[in-house]
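structure_6.pdb, holding PDB, C-alpha atoms, pLDDT in the B column:
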```pdb
ATOM      1  CA  MET Z   1     108.598  61.612 134.676  1.00 83.00           C
ATOM      2  CA  ALA Z   2     105.579  61.458 132.357  1.00 87.00           C
ATOM      3  CA  LYS Z   3     106.833  58.182 130.882  1.00 89.00           C
ATOM      4  CA  LEU Z   4     107.076  56.671 134.380  1.00 91.00           C
ATOM      5  CA  ILE Z   5     103.510  57.751 135.185  1.00 92.00           C
ATOM      6  CA  GLU Z   6     102.271  56.317 131.876  1.00 92.00           C
ATOM      7  CA  GLN Z   7     103.992  52.972 132.522  1.00 92.00           C
ATOM      8  CA  SER Z   8     102.634  52.842 136.059  1.00 92.00           C
ATOM      9  CA  ALA Z   9      99.116  53.557 134.829  1.00 92.00           C
ATOM     10  CA  GLU Z  10      99.389  50.853 132.176  1.00 92.00           C
ATOM     11  CA  LEU Z  11     100.694  48.291 134.680  1.00 92.00           C
ATOM     12  CA  GLY Z  12      97.902  49.237 137.099  1.00 91.00           C
ATOM     13  CA  ALA Z  13      95.282  48.816 134.389  1.00 88.00           C
ATOM     14  CA  GLN Z  14      96.710  45.438 133.375  1.00 86.00           C
ATOM     15  CA  LYS Z  15      96.684  44.297 137.016  1.00 90.00           C
ATOM     16  CA  ALA Z  16      93.088  45.456 137.465  1.00 89.00           C
ATOM     17  CA  LEU Z  17      92.006  43.563 134.336  1.00 83.00           C
ATOM     18  CA  ARG Z  18      93.912  40.487 135.477  1.00 84.00           C
ATOM     19  CA  ASP Z  19      92.291  40.689 138.932  1.00 86.00           C
ATOM     20  CA  ILE Z  20      88.791  40.587 137.443  1.00 83.00           C
ATOM     21  CA  GLY Z  21      89.680  37.873 134.942  1.00 78.00           C
ATOM     22  CA  PHE Z  22      89.938  39.879 131.724  1.00 77.00           C
ATOM     23  CA  SER Z  23      93.679  39.756 131.121  1.00 70.00           C
ATOM     24  CA  GLU Z  24      93.624  36.759 128.781  1.00 71.00           C
ATOM     25  CA  ASP Z  25      90.217  37.313 127.254  1.00 70.00           C
ATOM     26  CA  LYS Z  26      90.558  37.996 123.530  1.00 76.00           C
ATOM     27  CA  GLU Z  27      86.852  38.877 123.240  1.00 80.00           C
ATOM     28  CA  LEU Z  28      86.928  41.583 125.918  1.00 80.00           C
ATOM     29  CA  ILE Z  29      86.026  44.409 123.540  1.00 82.00           C
ATOM     30  CA  THR Z  30      83.076  42.427 122.187  1.00 87.00           C
ATOM     31  CA  ASP Z  31      81.930  41.544 125.711  1.00 83.00           C
ATOM     32  CA  VAL Z  32      82.076  45.152 126.883  1.00 84.00           C
ATOM     33  CA  SER Z  33      80.210  46.274 123.774  1.00 90.00           C
ATOM     34  CA  GLU Z  34      77.509  43.667 124.391  1.00 93.00           C
ATOM     35  CA  LEU Z  35      77.221  44.698 128.042  1.00 92.00           C
ATOM     36  CA  ARG Z  36      76.789  48.334 127.029  1.00 94.00           C
ATOM     37  CA  SER Z  37      74.137  47.322 124.525  1.00 96.00           C
ATOM     38  CA  LEU Z  38      72.361  45.271 127.186  1.00 96.00           C
ATOM     39  CA  LEU Z  39      72.424  48.203 129.611  1.00 96.00           C
ATOM     40  CA  ASP Z  40      71.061  50.532 126.939  1.00 96.00           C
ATOM     41  CA  SER Z  41      68.247  48.076 126.240  1.00 97.00           C
ATOM     42  CA  TRP Z  42      67.490  47.789 129.960  1.00 96.00           C
ATOM     43  CA  ARG Z  43      67.327  51.575 130.335  1.00 96.00           C
ATOM     44  CA  SER Z  44      65.064  51.839 127.304  1.00 96.00           C
ATOM     45  CA  ALA Z  45      62.764  49.132 128.672  1.00 96.00           C
ATOM     46  CA  LYS Z  46      62.532  50.943 132.029  1.00 95.00           C
ATOM     47  CA  ARG Z  47      61.592  54.180 130.272  1.00 94.00           C
ATOM     48  CA  THR Z  48      58.965  52.388 128.187  1.00 97.00           C
ATOM     49  CA  VAL Z  49      57.443  50.697 131.235  1.00 97.00           C
ATOM     50  CA  GLY Z  50      57.320  54.019 133.070  1.00 94.00           C
ATOM     51  CA  LYS Z  51      55.610  55.751 130.169  1.00 96.00           C
ATOM     52  CA  THR Z  52      53.124  52.889 129.783  1.00 97.00           C
ATOM     53  CA  ILE Z  53      52.183  53.032 133.467  1.00 97.00           C
ATOM     54  CA  VAL Z  54      51.664  56.791 133.325  1.00 96.00           C
ATOM     55  CA  GLN Z  55      49.524  56.442 130.191  1.00 97.00           C
ATOM     56  CA  ALA Z  56      47.423  53.696 131.764  1.00 97.00           C
ATOM     57  CA  LEU Z  57      46.845  55.700 134.951  1.00 97.00           C
ATOM     58  CA  THR Z  58      45.959  58.790 132.927  1.00 98.00           C
ATOM     59  CA  THR Z  59      43.527  56.793 130.787  1.00 97.00           C
ATOM     60  CA  ILE Z  60      41.872  55.280 133.861  1.00 97.00           C
ATOM     61  CA  PHE Z  61      41.577  58.700 135.498  1.00 97.00           C
ATOM     62  CA  LEU Z  62      40.027  60.246 132.392  1.00 97.00           C
ATOM     63  CA  ALA Z  63      37.648  57.292 131.975  1.00 96.00           C
ATOM     64  CA  MET Z  64      36.510  57.725 135.585  1.00 96.00           C
ATOM     65  CA  LEU Z  65      35.946  61.448 134.984  1.00 96.00           C
ATOM     66  CA  MET Z  66      33.925  60.694 131.863  1.00 95.00           C
ATOM     67  CA  ALA Z  67      31.888  58.034 133.681  1.00 94.00           C
ATOM     68  CA  GLY Z  68      31.225  60.462 136.526  1.00 93.00           C
ATOM     69  CA  ALA Z  69      30.136  63.162 134.089  1.00 92.00           C
ATOM     70  CA  TYR Z  70      27.913  60.690 132.238  1.00 92.00           C
ATOM     71  CA  PHE Z  71      26.144  59.540 135.385  1.00 89.00           C
ATOM     72  CA  ASN Z  72      25.886  63.133 136.633  1.00 88.00           C
ATOM     73  CA  PHE Z  73      24.228  64.366 133.436  1.00 86.00           C
ATOM     74  CA  LYS Z  74      22.129  61.226 133.038  1.00 78.00           C
ATOM     75  CA  GLN Z  75      20.015  62.146 136.052  1.00 69.00           C
TER      76      GLN Z  75
END
```
Can I see the file as structure tokens?
Amino acid sequence: MAKLIEQSAELGAQKALRDIGFSEDKELITDVSELRSLLDSWRSAKRTVGKTIVQALTTIFLAMLMAGAYFNFKQ
């Protein structure tokens, strides 16, 4: 019974790969690896952009506080 399930799963996987055009592709492993690398880079870039925006907003806020304190004590 387990052998039948294993064969069915393998045939299903082969059909799924064939349906999306990967059945004859000899570079499939390389392509998937490159896609994973690209996704990792994209996620890293999103994190970096988010951190940069937060830092910029924090810097602007602190600069405004300092300017307000300067003008308040200047008088």
Taking all atoms of stretch 38-51 of chain Z that the file lists, what box with edges along x, y and z, padded by 6 Å per side, do you get, with centre and edge lengths in Å to one decimal, as JSON?
```
{"center_x": 64.0, "center_y": 50.5, "center_z": 129.7, "size_x": 28.8, "size_y": 22.5, "size_z": 18.8}
```
Mind pulling up the distance from atom CA of Z:Ala9 to atom CA of Z:Ser33?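 Here the two named atoms are 23.1 Å from each other.
In this model, the gap between atom CA of Z:Lys46 and atom CA of Z:Thr30 comes to 24.3 Å.
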Tell me, in Å to one decimal, how far atom CA of Z:Ile29 is from atom CA of Z:Gln14.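 Taking atom CA of Z:Ile29 and atom CA of Z:Gln14, their separation equals 14.6 Å.
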